[in-house]
Amino acid sequence: MIKQAVILAGGMGTRLQEITEKMPKGFLEIDGIPIIEQSIRKLINCGIEEIIIGTGHCSDWYDNLVKKYPIIKTVKNENYHNTSSMGTLEVCASLIENEFILLESDLIYDEIGLKVLINDARENVILASGKTYSSDEVYLDFDESNILTNVSKNVDKINNPNTELVGITKISKDILNQMVRLYNENLDKYKKIDYENVLQILAKNNPIYVHKVNHYVWAEIDDKRMFERAVNEIYPHILENEELYKIKREVLLNPGPSTTKDSVKYAQVCADICPRELEFGDLMDNIEKDLTSFGANCKEYTTIMFASSGTGADEAMISSCVPPKGKLLVVDNGSYGSRLAQIAKTYNIDTTIFKSSTYEPIDIEALEHEFQSENYDAFAIVHHETTTGLLNPVEIICPIAKKYGIITIVDAISSYGGMPMNFKEMGIDFASCTSNKHFGGMAGIGFVICNREELYKQKKWPMRNYYFNLYDQYKYFIETKQSRFTPPVQTFYALRQAIIETKVETIEKRFERFTECWNILIDAVKEIGLEMIVNEENQSHFITAILNPNVPKYDFDEFHDYMKSFGFTIYPGKLGNIGTFRIANMGDITYDEIIMFTKLLKKYMNKIGV
Ligand code: PLP
Ligand code: MG
Ligand code: MG
């Protein structure tokens, strides 16, 4: 699995004259977006986790980009005046851990080229195209096995000048090491050498393959004429191709599963793998660490994953984390709290229910009184009651429970990943979550984030459950780097992509996006004159439960179908006999979409006489 990309961006771009005097070439804009950012987005879409940019001329431009894309690292080639692309690659080399994609910074290209290299089974592969007539071509010769034999800008030195280097190459760690060694051992001779010429030298003893895509759409920008060609001829062609692989957009405003990005959907389309291979074990291991890190320190917490929906993660927690013969207290202030209690009863756990209003905040004093009144071993609560959008203040309640020595179990299924959380500070020992909802992966993986100290205590307990046993699942993976039972392989690849997207956006910014979408929604709700069940200050910003309008023409199914015809899916809600509909803003929702939705909401409500 390729995780890193290196972009060579040290050049001065002198052929672009005054345009690049005070700005690197990568910041040339097409359609208002710097070409380097267009390239970064494509790399992210293809599952690249880390992008190393080798800088030189006007390096601070790239350093500033790190603020926008936390997955970027920059390294400066201080000697950029006197070296060329190999000099810049050399300064990046120490950060490269494994095989990687190497790109030039002055390219625009069809994303499919990255996938061609990623899916090519061979190790070192240069992406090539047919003739472009673009000027400044680098021609490639290759033999009948597609192995590189020659690289030159000079047509006369090439046998068959029909193949051009694109500037996107897949390179193994071994070949990189050889490139760096060769360069450093011949600094005088090779000072101004380009990386492709170093590859050519190594190709004599190592198979370096050329993967030619005849009609590949791409452009390099070295001078003003090439820039014009890129803008007027190539860029429109790239956009046209992008349209061809867009997936129909359905905006899910139901309370999960939530709308996913196309990059996440496409991440499932990958090579088959037996999940007992070490490579898959590494993938699960990395996902485990990432899922933990969003809310805790990996030394203190760990994440245990199951092939299941969210309820599976709840069942794993409840049936594993209450000590044998232990007493459990559960807060029930909505459907999901009620479900936690039901699970406990199914396992014959001695359970007491603390009932609380479904729309008003919990009486914390009364709850503390309950903690004192009995010898409870464990306490369970839902963080965000998806039934109503009510956010329970677990950060206040759990530390109180801990004060009485009680194990804290939190259903964080519709909160974790959507808002900043720190499990230790919040006093949470166990928290359940899923691959979908806020993380924006595909449904199918339920997981529990566990305080290690509390988890290790379960080692000695008799198993109350089998498939969902937390400690057994943990132990098996630690010992074998394999999942106890068949994992949903493709769902894991999608989750990996969803995690990359989460790191790119950051949870803080994601919460801001949801909050802004929620603000847009509730402004419209108030303007229309509809009523929300929960007071604004107690809402999560992820779900808004709205009372059905009291007009004879209101019919949820008709309302649903109307919205669905515009690509929005909505969901009813039932609270006893109070009818509601719920609007979620979770997953890959954009401001434009929520604004569009509120316009339709106003129109529909107006039509039925609200
Ligand atoms: N808990 C909460 C708070 C939820 O919002 C949900 C789903 O909406 C669940 C549990 C159950 O998850 P699933 O339907 O994936 O089993
Ligand atoms: Mg060039
Ligand atoms: Mg160039």
# chains A, B, ... in the order shown; residues from 1 in each chain; ligands from 1
call {"tool": "residues_near_ligand", "arguments": {"ligand": "ligand 3", "cutoff": "6 Å", "atoms": "only C-alpha atoms and all ligand atoms", "output": "PyMOL selection string"}}
result
chain A and resi 106+220-222
call {"tool": "residues_around", "arguments": {"residues": "Ser565 of chain A", "least_positions_apart": "5", "cutoff": "12 Å", "atoms": "only C-alpha atoms", "output": "PDB file with N, CA, C and O atoms, in the first residue's frame"}}
result
ATOM      1  N   ARG A 249     -24.812  11.839  -6.556  1.00  0.00           N
ATOM      2  CA  ARG A 249     -24.787  12.408  -5.212  1.00  0.00           C
ATOM      3  C   ARG A 249     -26.159  12.286  -4.544  1.00  0.00           C
ATOM      4  O   ARG A 249     -27.156  12.791  -5.069  1.00  0.00           O
ATOM      5  N   GLU A 250     -26.203  11.599  -3.412  1.00  0.00           N
ATOM      6  CA  GLU A 250     -27.406  11.555  -2.577  1.00  0.00           C
ATOM      7  C   GLU A 250     -27.001  12.137  -1.233  1.00  0.00           C
ATOM      8  O   GLU A 250     -26.061  11.638  -0.606  1.00  0.00           O
ATOM      9  N   VAL A 251     -27.677  13.181  -0.801  1.00  0.00           N
ATOM     10  CA  VAL A 251     -27.317  13.784   0.483  1.00  0.00           C
ATOM     11  C   VAL A 251     -28.194  13.172   1.570  1.00  0.00           C
ATOM     12  O   VAL A 251     -29.413  13.346   1.560  1.00  0.00           O
ATOM     13  N   GLU A 558     -45.046  12.033   1.828  1.00  0.00           N
ATOM     14  CA  GLU A 558     -45.045  12.955   0.688  1.00  0.00           C
ATOM     15  C   GLU A 558     -43.863  13.940   0.788  1.00  0.00           C
ATOM     16  O   GLU A 558     -43.159  14.207  -0.188  1.00  0.00           O
ATOM     17  N   PHE A 559     -43.641  14.418   2.008  1.00  0.00           N
ATOM     18  CA  PHE A 559     -42.527  15.324   2.314  1.00  0.00           C
ATOM     19  C   PHE A 559     -41.203  14.629   1.965  1.00  0.00           C
ATOM     20  O   PHE A 559     -40.326  15.183   1.269  1.00  0.00           O
ATOM     21  N   HIS A 560     -41.061  13.379   2.396  1.00  0.00           N
ATOM     22  CA  HIS A 560     -39.864  12.583   2.113  1.00  0.00           C
ATOM     23  C   HIS A 560     -39.632  12.464   0.598  1.00  0.00           C
ATOM     24  O   HIS A 560     -38.536  12.713   0.099  1.00  0.00           O
ATOM     25  N   ILE A 570     -34.553  12.349   4.068  1.00  0.00           N
ATOM     26  CA  ILE A 570     -34.880  12.743   5.455  1.00  0.00           C
ATOM     27  C   ILE A 570     -35.543  11.571   6.168  1.00  0.00           C
ATOM     28  O   ILE A 570     -35.910  10.584   5.541  1.00  0.00           O
ATOM     29  N   PHE A 597     -31.146  22.791   0.842  1.00  0.00           N
ATOM     30  CA  PHE A 597     -32.179  22.056   1.566  1.00  0.00           C
ATOM     31  C   PHE A 597     -33.140  23.023   2.275  1.00  0.00           C
ATOM     32  O   PHE A 597     -34.361  22.830   2.241  1.00  0.00           O
ATOM     33  N   LEU A 600     -35.642  24.453  -0.051  1.00  0.00           N
ATOM     34  CA  LEU A 600     -36.698  23.486  -0.388  1.00  0.00           C
ATOM     35  C   LEU A 600     -37.655  23.296   0.784  1.00  0.00           C
ATOM     36  O   LEU A 600     -38.866  23.150   0.598  1.00  0.00           O
TER      37      LEU A 600
END
call {"tool": "residues_near_ligand", "arguments": {"ligand": "ligand 1", "cutoff": "7 Å", "atoms": "only C-alpha atoms and all ligand atoms", "output": "number ranges by chain"}}
result
A: 255-256, 309-312, 314, 336, 382, 384-386, 411-414, 434
call {"tool": "atom_distance", "arguments": {"atom1": "atom CA of Leu65 of chain A", "atom2": "atom CA of Gln4 of chain A"}}
result
17.1 Å
call {"tool": "residues_near_ligand", "arguments": {"ligand": "ligand 2", "cutoff": "10 Å", "atoms": "only C-alpha atoms and all ligand atoms", "output": "PDB file with all heavy atoms, in the first residue's frame"}}
result
ATOM      1  N   GLY A  13      11.517  28.199 -11.975  1.00  0.00           N
ATOM      2  CA  GLY A  13      10.523  28.495 -13.016  1.00  0.00           C
ATOM      3  C   GLY A  13      10.877  29.726 -13.817  1.00  0.00           C
ATOM      4  O   GLY A  13      10.007  30.527 -14.163  1.00  0.00           O
ATOM      5  N   ARG A  15      11.560  30.270 -16.821  1.00  0.00           N
ATOM      6  CA  ARG A  15      10.970  30.450 -18.151  1.00  0.00           C
ATOM      7  C   ARG A  15       9.582  31.098 -18.084  1.00  0.00           C
ATOM      8  O   ARG A  15       9.041  31.522 -19.090  1.00  0.00           O
ATOM      9  CB  ARG A  15      10.881  29.089 -18.880  1.00  0.00           C
ATOM     10  CG  ARG A  15      12.215  28.645 -19.448  1.00  0.00           C
ATOM     11  CD  ARG A  15      12.162  27.203 -19.920  1.00  0.00           C
ATOM     12  NE  ARG A  15      12.238  26.272 -18.799  1.00  0.00           N
ATOM     13  CZ  ARG A  15      12.103  24.955 -18.909  1.00  0.00           C
ATOM     14  NH1 ARG A  15      11.861  24.414 -20.090  1.00  0.00           N
ATOM     15  NH2 ARG A  15      12.216  24.159 -17.864  1.00  0.00           N
ATOM     16  N   GLU A 104       6.219  15.936 -10.127  1.00  0.00           N
ATOM     17  CA  GLU A 104       6.759  17.283 -10.324  1.00  0.00           C
ATOM     18  C   GLU A 104       5.661  18.273  -9.976  1.00  0.00           C
ATOM     19  O   GLU A 104       4.473  17.967 -10.089  1.00  0.00           O
ATOM     20  CB  GLU A 104       7.239  17.428 -11.774  1.00  0.00           C
ATOM     21  CG  GLU A 104       8.350  16.409 -12.060  1.00  0.00           C
ATOM     22  CD  GLU A 104       8.807  16.378 -13.511  1.00  0.00           C
ATOM     23  OE1 GLU A 104       8.712  17.429 -14.181  1.00  0.00           O
ATOM     24  OE2 GLU A 104       9.266  15.319 -13.957  1.00  0.00           O
ATOM     25  N   ASP A 106       4.847  21.123 -11.334  1.00  0.00           N
ATOM     26  CA  ASP A 106       4.277  21.984 -12.381  1.00  0.00           C
ATOM     27  C   ASP A 106       3.353  21.224 -13.316  1.00  0.00           C
ATOM     28  O   ASP A 106       3.229  21.547 -14.485  1.00  0.00           O
ATOM     29  CB  ASP A 106       5.407  22.656 -13.177  1.00  0.00           C
ATOM     30  CG  ASP A 106       6.361  21.651 -13.803  1.00  0.00           C
ATOM     31  OD1 ASP A 106       6.191  20.439 -13.572  1.00  0.00           O
ATOM     32  OD2 ASP A 106       7.284  22.086 -14.522  1.00  0.00           O
ATOM     33  N   LEU A 107       2.701  20.183 -12.762  1.00  0.00           N
ATOM     34  CA  LEU A 107       1.849  19.332 -13.588  1.00  0.00           C
ATOM     35  C   LEU A 107       0.372  19.576 -13.320  1.00  0.00           C
ATOM     36  O   LEU A 107      -0.015  19.849 -12.180  1.00  0.00           O
ATOM     37  CB  LEU A 107       2.101  17.864 -13.253  1.00  0.00           C
ATOM     38  CG  LEU A 107       3.468  17.263 -13.506  1.00  0.00           C
ATOM     39  CD1 LEU A 107       3.474  15.828 -13.003  1.00  0.00           C
ATOM     40  CD2 LEU A 107       3.800  17.314 -14.988  1.00  0.00           C
ATOM     41  N   SER A 134       3.983  19.297 -26.848  1.00  0.00           N
ATOM     42  CA  SER A 134       3.828  20.423 -25.918  1.00  0.00           C
ATOM     43  C   SER A 134       5.085  21.267 -25.785  1.00  0.00           C
ATOM     44  O   SER A 134       5.032  22.334 -25.186  1.00  0.00           O
ATOM     45  CB  SER A 134       3.453  19.882 -24.548  1.00  0.00           C
ATOM     46  OG  SER A 134       4.488  19.049 -24.088  1.00  0.00           O
ATOM     47  N   SER A 135       6.206  20.835 -26.335  1.00  0.00           N
ATOM     48  CA  SER A 135       7.550  21.419 -26.174  1.00  0.00           C
ATOM     49  C   SER A 135       8.123  21.020 -24.820  1.00  0.00           C
ATOM     50  O   SER A 135       7.378  20.771 -23.867  1.00  0.00           O
ATOM     51  CB  SER A 135       7.567  22.943 -26.338  1.00  0.00           C
ATOM     52  OG  SER A 135       7.092  23.588 -25.172  1.00  0.00           O
ATOM     53  N   ASP A 136       9.450  20.941 -24.777  1.00  0.00           N
ATOM     54  CA  ASP A 136      10.173  20.476 -23.594  1.00  0.00           C
ATOM     55  C   ASP A 136       9.857  19.023 -23.221  1.00  0.00           C
ATOM     56  O   ASP A 136       9.885  18.644 -22.055  1.00  0.00           O
ATOM     57  CB  ASP A 136       9.933  21.395 -22.392  1.00  0.00           C
ATOM     58  CG  ASP A 136      11.126  21.345 -21.442  1.00  0.00           C
ATOM     59  OD1 ASP A 136      12.277  21.380 -21.936  1.00  0.00           O
ATOM     60  OD2 ASP A 136      10.915  21.233 -20.220  1.00  0.00           O
ATOM     61  N   GLU A 137       9.540  18.211 -24.232  1.00  0.00           N
ATOM     62  CA  GLU A 137       9.238  16.803 -23.970  1.00  0.00           C
ATOM     63  C   GLU A 137      10.475  16.042 -23.492  1.00  0.00           C
ATOM     64  O   GLU A 137      11.586  16.315 -23.940  1.00  0.00           O
ATOM     65  CB  GLU A 137       8.730  16.099 -25.247  1.00  0.00           C
ATOM     66  CG  GLU A 137       7.415  16.619 -25.783  1.00  0.00           C
ATOM     67  CD  GLU A 137       7.582  17.723 -26.830  1.00  0.00           C
ATOM     68  OE1 GLU A 137       8.615  18.449 -26.783  1.00  0.00           O
ATOM     69  OE2 GLU A 137       6.694  17.871 -27.672  1.00  0.00           O
ATOM     70  N   VAL A 138      10.247  15.094 -22.597  1.00  0.00           N
ATOM     71  CA  VAL A 138      11.287  14.137 -22.218  1.00  0.00           C
ATOM     72  C   VAL A 138      10.848  12.799 -22.804  1.00  0.00           C
ATOM     73  O   VAL A 138       9.791  12.282 -22.442  1.00  0.00           O
ATOM     74  CB  VAL A 138      11.423  14.032 -20.681  1.00  0.00           C
ATOM     75  CG1 VAL A 138      12.444  12.956 -20.306  1.00  0.00           C
ATOM     76  CG2 VAL A 138      11.810  15.377 -20.082  1.00  0.00           C
ATOM     77  N   LYS A 153      15.865  14.361 -23.827  1.00  0.00           N
ATOM     78  CA  LYS A 153      15.072  15.463 -24.367  1.00  0.00           C
ATOM     79  C   LYS A 153      15.398  15.644 -25.855  1.00  0.00           C
ATOM     80  O   LYS A 153      14.726  16.407 -26.547  1.00  0.00           O
ATOM     81  CB  LYS A 153      15.388  16.758 -23.623  1.00  0.00           C
ATOM     82  CG  LYS A 153      14.717  16.860 -22.259  1.00  0.00           C
ATOM     83  CD  LYS A 153      14.794  18.284 -21.723  1.00  0.00           C
ATOM     84  CE  LYS A 153      13.929  18.417 -20.481  1.00  0.00           C
ATOM     85  NZ  LYS A 153      13.853  19.783 -19.983  1.00  0.00           N
ATOM     86  N   LEU A 165       7.730  11.121 -20.961  1.00  0.00           N
ATOM     87  CA  LEU A 165       7.687  11.079 -19.499  1.00  0.00           C
ATOM     88  C   LEU A 165       6.647  12.089 -19.021  1.00  0.00           C
ATOM     89  O   LEU A 165       6.656  13.245 -19.457  1.00  0.00           O
ATOM     90  CB  LEU A 165       9.070  11.464 -18.958  1.00  0.00           C
ATOM     91  CG  LEU A 165       9.196  11.671 -17.454  1.00  0.00           C
ATOM     92  CD1 LEU A 165       9.716  10.390 -16.802  1.00  0.00           C
ATOM     93  CD2 LEU A 165      10.150  12.814 -17.126  1.00  0.00           C
ATOM     94  N   VAL A 166       5.763  11.653 -18.104  1.00  0.00           N
ATOM     95  CA  VAL A 166       4.738  12.561 -17.584  1.00  0.00           C
ATOM     96  C   VAL A 166       5.284  13.373 -16.404  1.00  0.00           C
ATOM     97  O   VAL A 166       5.026  14.573 -16.266  1.00  0.00           O
ATOM     98  CB  VAL A 166       3.476  11.754 -17.155  1.00  0.00           C
ATOM     99  CG1 VAL A 166       2.493  12.630 -16.400  1.00  0.00           C
ATOM    100  CG2 VAL A 166       2.811  11.122 -18.383  1.00  0.00           C
ATOM    101  N   GLY A 167       6.032  12.700 -15.553  1.00  0.00           N
ATOM    102  CA  GLY A 167       6.512  13.370 -14.331  1.00  0.00           C
ATOM    103  C   GLY A 167       5.814  12.820 -13.105  1.00  0.00           C
ATOM    104  O   GLY A 167       5.776  13.448 -12.048  1.00  0.00           O
ATOM    105  N   ALA A 219      -0.490  17.953 -18.526  1.00  0.00           N
ATOM    106  CA  ALA A 219       0.356  19.017 -19.072  1.00  0.00           C
ATOM    107  C   ALA A 219       1.379  19.439 -18.035  1.00  0.00           C
ATOM    108  O   ALA A 219       1.115  19.411 -16.828  1.00  0.00           O
ATOM    109  CB  ALA A 219      -0.506  20.214 -19.471  1.00  0.00           C
ATOM    110  N   GLU A 220       2.501  19.838 -18.549  1.00  0.00           N
ATOM    111  CA  GLU A 220       3.556  20.395 -17.700  1.00  0.00           C
ATOM    112  C   GLU A 220       3.608  21.888 -18.033  1.00  0.00           C
ATOM    113  O   GLU A 220       3.325  22.277 -19.167  1.00  0.00           O
ATOM    114  CB  GLU A 220       4.878  19.725 -18.061  1.00  0.00           C
ATOM    115  CG  GLU A 220       6.053  20.219 -17.248  1.00  0.00           C
ATOM    116  CD  GLU A 220       7.382  20.018 -17.969  1.00  0.00           C
ATOM    117  OE1 GLU A 220       7.384  19.851 -19.205  1.00  0.00           O
ATOM    118  OE2 GLU A 220       8.399  20.057 -17.302  1.00  0.00           O
ATOM    119  N   ILE A 221       3.944  22.709 -17.034  1.00  0.00           N
ATOM    120  CA  ILE A 221       3.948  24.151 -17.297  1.00  0.00           C
ATOM    121  C   ILE A 221       5.339  24.720 -17.035  1.00  0.00           C
ATOM    122  O   ILE A 221       5.738  24.896 -15.884  1.00  0.00           O
ATOM    123  CB  ILE A 221       2.896  24.875 -16.419  1.00  0.00           C
ATOM    124  CG1 ILE A 221       1.509  24.247 -16.637  1.00  0.00           C
ATOM    125  CG2 ILE A 221       2.888  26.376 -16.727  1.00  0.00           C
ATOM    126  CD1 ILE A 221       0.442  24.709 -15.671  1.00  0.00           C
ATOM    127  N   ASP A 222       6.066  24.961 -18.116  1.00  0.00           N
ATOM    128  CA  ASP A 222       7.411  25.523 -17.972  1.00  0.00           C
ATOM    129  C   ASP A 222       7.483  26.977 -18.427  1.00  0.00           C
ATOM    130  O   ASP A 222       8.312  27.740 -17.959  1.00  0.00           O
ATOM    131  CB  ASP A 222       8.428  24.713 -18.796  1.00  0.00           C
ATOM    132  CG  ASP A 222       8.780  23.393 -18.131  1.00  0.00           C
ATOM    133  OD1 ASP A 222       8.651  23.299 -16.903  1.00  0.00           O
ATOM    134  OD2 ASP A 222       9.172  22.457 -18.861  1.00  0.00           O
ATOM    135  N   ASP A 223       6.620  27.335 -19.396  1.00  0.00           N
ATOM    136  CA  ASP A 223       6.658  28.720 -19.891  1.00  0.00           C
ATOM    137  C   ASP A 223       5.234  29.189 -20.168  1.00  0.00           C
ATOM    138  O   ASP A 223       4.275  28.441 -19.969  1.00  0.00           O
ATOM    139  CB  ASP A 223       7.549  28.826 -21.134  1.00  0.00           C
ATOM    140  CG  ASP A 223       7.078  27.932 -22.273  1.00  0.00           C
ATOM    141  OD1 ASP A 223       5.847  27.702 -22.385  1.00  0.00           O
ATOM    142  OD2 ASP A 223       7.929  27.447 -23.050  1.00  0.00           O
ATOM    143  N   MET A 226       3.111  27.108 -22.578  1.00  0.00           N
ATOM    144  CA  MET A 226       2.668  25.837 -21.985  1.00  0.00           C
ATOM    145  C   MET A 226       1.540  26.074 -20.978  1.00  0.00           C
ATOM    146  O   MET A 226       0.642  25.244 -20.819  1.00  0.00           O
ATOM    147  CB  MET A 226       3.854  25.124 -21.317  1.00  0.00           C
ATOM    148  CG  MET A 226       4.837  24.529 -22.319  1.00  0.00           C
ATOM    149  SD  MET A 226       6.401  24.112 -21.530  1.00  0.00           S
ATOM    150  CE  MET A 226       6.194  22.372 -21.205  1.00  0.00           C
TER     151      MET A 226
END
call {"tool": "closest_residue", "arguments": {"among": "A:Ile522, A:Met86, A:Val394, A:Ile362", "to": "Leu187 of chain A", "atoms": "only C-alpha atoms"}}
result
A:Met86
call {"tool": "atom_distance", "arguments": {"atom1": "atom CA of Tyr571 of chain A", "atom2": "atom CA of Ser258 of chain A"}}
result
12.1 Å
call {"tool": "atom_distance", "arguments": {"atom1": "atom CA of Ile595 of chain A", "atom2": "atom CA of Asp523 of chain A"}}
result
10.6 Å
call {"tool": "closest_residue", "arguments": {"among": "A:Gly113, A:Gly47, A:Gly295, A:Pro275", "to": "Phe485 of chain A", "atoms": "only C-alpha atoms"}}
result
A:Pro275
call {"tool": "select_by_dssp", "arguments": {"residues": "segment 46-229 of chain A", "states": "alpha helix (DSSP H)", "output": "number ranges by chain"}}
result
A: 59-68, 85-92, 112-119, 173-185, 187-190, 195-202, 224-229
call {"tool": "residues_around", "arguments": {"residues": "segment 421-425 of chain A", "least_positions_apart": "5", "cutoff": "9 Å", "atoms": "only C-alpha atoms", "output": "ChimeraX atom specification"}}
result
/A:294-297,300-301,395,399,415-416,430-431,449,451
call {"tool": "write_last_selection", "arguments": {"atoms": "N, CA, C and O atoms", "output": "mmCIF file, in the first residue's frame"}}
result
data_model
loop_
_atom_site.group_PDB
_atom_site.id
_atom_site.type_symbol
_atom_site.label_atom_id
_atom_site.label_comp_id
_atom_site.auth_asym_id
_atom_site.auth_seq_id
_atom_site.Cartn_x
_atom_site.Cartn_y
_atom_site.Cartn_z
ATOM 1 N N PHE A 294 -7.648 10.089 17.793
ATOM 2 C CA PHE A 294 -8.560 11.242 17.691
ATOM 3 C C PHE A 294 -9.118 11.639 19.064
ATOM 4 O O PHE A 294 -9.595 12.755 19.225
ATOM 5 N N GLY A 295 -9.050 10.710 20.043
ATOM 6 C CA GLY A 295 -9.630 11.057 21.348
ATOM 7 C C GLY A 295 -8.778 10.687 22.542
ATOM 8 O O GLY A 295 -9.198 10.915 23.682
ATOM 9 N N ALA A 296 -7.612 10.092 22.302
ATOM 10 C CA ALA A 296 -6.819 9.661 23.463
ATOM 11 C C ALA A 296 -5.386 9.363 23.064
ATOM 12 O O ALA A 296 -5.041 9.327 21.884
ATOM 13 N N ASN A 297 -4.587 9.119 24.081
ATOM 14 C CA ASN A 297 -3.207 8.715 23.912
ATOM 15 C C ASN A 297 -3.182 7.187 23.762
ATOM 16 O O ASN A 297 -3.779 6.478 24.567
ATOM 17 N N GLU A 300 -2.499 4.926 26.699
ATOM 18 C CA GLU A 300 -3.516 4.777 27.745
ATOM 19 C C GLU A 300 -4.811 4.142 27.249
ATOM 20 O O GLU A 300 -5.569 3.576 28.015
ATOM 21 N N TYR A 301 -5.072 4.285 25.960
ATOM 22 C CA TYR A 301 -6.315 3.745 25.386
ATOM 23 C C TYR A 301 -5.996 2.895 24.156
ATOM 24 O O TYR A 301 -4.955 3.074 23.520
ATOM 25 N N GLU A 395 -18.987 14.766 30.007
ATOM 26 C CA GLU A 395 -17.723 15.265 30.564
ATOM 27 C C GLU A 395 -17.904 15.733 32.021
ATOM 28 O O GLU A 395 -16.922 15.849 32.755
ATOM 29 N N PRO A 399 -16.826 11.938 35.182
ATOM 30 C CA PRO A 399 -15.883 12.107 36.288
ATOM 31 C C PRO A 399 -16.540 11.927 37.665
ATOM 32 O O PRO A 399 -15.888 11.460 38.609
ATOM 33 N N SER A 415 -21.357 10.894 18.218
ATOM 34 C CA SER A 415 -20.601 12.097 18.612
ATOM 35 C C SER A 415 -19.114 11.992 18.244
ATOM 36 O O SER A 415 -18.547 12.932 17.690
ATOM 37 N N TYR A 416 -18.494 10.831 18.502
ATOM 38 C CA TYR A 416 -17.044 10.715 18.279
ATOM 39 C C TYR A 416 -16.722 10.887 16.792
ATOM 40 O O TYR A 416 -17.369 10.306 15.934
ATOM 41 N N PHE A 430 -14.829 3.424 28.490
ATOM 42 C CA PHE A 430 -15.141 2.698 27.254
ATOM 43 C C PHE A 430 -16.108 3.541 26.429
ATOM 44 O O PHE A 430 -17.056 4.107 26.972
ATOM 45 N N ALA A 431 -15.849 3.623 25.135
ATOM 46 C CA ALA A 431 -16.747 4.378 24.261
ATOM 47 C C ALA A 431 -16.969 3.598 22.972
ATOM 48 O O ALA A 431 -16.025 3.084 22.380
ATOM 49 N N ILE A 449 -13.447 2.154 22.024
ATOM 50 C CA ILE A 449 -12.193 2.740 22.494
ATOM 51 C C ILE A 449 -12.129 2.435 23.991
ATOM 52 O O ILE A 449 -13.064 2.746 24.727
ATOM 53 N N ASN A 451 -10.069 2.220 27.806
ATOM 54 C CA ASN A 451 -9.026 2.562 28.753
ATOM 55 C C ASN A 451 -8.284 1.248 29.046
ATOM 56 O O ASN A 451 -8.873 0.287 29.534
#
call {"tool": "closest_residue", "arguments": {"among": "A:Tyr376, A:Phe27, A:Trp218, A:Tyr195", "to": "Glu164 of chain A", "atoms": "only C-alpha atoms"}}
result
A:Trp218
call {"tool": "closest_residue", "arguments": {"among": "A:Pro488, A:Cys433, A:Tyr347, A:Leu391", "to": "Cys274 of chain A", "atoms": "only C-alpha atoms"}}
result
A:Pro488
call {"tool": "closest_residue", "arguments": {"among": "A:Ser357, A:Thr352, A:Asn45, A:Asn124", "to": "Arg496 of chain A", "atoms": "only C-alpha atoms"}}
result
A:Asn45
call {"tool": "decode", "arguments": {"residues": "segment 526-541 of chain A", "atoms": "C-alpha atoms", "output": "mmCIF file, in the first residue's frame"}}
result
data_model
loop_
_atom_site.group_PDB
_atom_site.id
_atom_site.type_symbol
_atom_site.label_atom_id
_atom_site.label_comp_id
_atom_site.auth_asym_id
_atom_site.auth_seq_id
_atom_site.Cartn_x
_atom_site.Cartn_y
_atom_site.Cartn_z
ATOM 1 C CA LYS A 526 -37.294 29.438 13.109
ATOM 2 C CA GLU A 527 -38.122 31.568 10.089
ATOM 3 C CA ILE A 528 -40.693 29.033 8.897
ATOM 4 C CA GLY A 529 -42.159 28.912 12.407
ATOM 5 C CA LEU A 530 -41.478 25.237 13.082
ATOM 6 C CA GLU A 531 -40.646 24.055 16.578
ATOM 7 C CA MET A 532 -37.645 22.066 17.777
ATOM 8 C CA ILE A 533 -37.950 19.546 20.607
ATOM 9 C CA VAL A 534 -34.703 20.347 22.375
ATOM 10 C CA ASN A 535 -33.566 23.822 23.431
ATOM 11 C CA GLU A 536 -30.754 25.116 21.269
ATOM 12 C CA GLU A 537 -28.218 25.188 24.109
ATOM 13 C CA ASN A 538 -28.687 21.461 24.753
ATOM 14 C CA GLN A 539 -28.458 20.375 21.134
ATOM 15 C CA SER A 540 -25.510 18.536 19.664
ATOM 16 C CA HIS A 541 -25.422 20.485 16.345
#
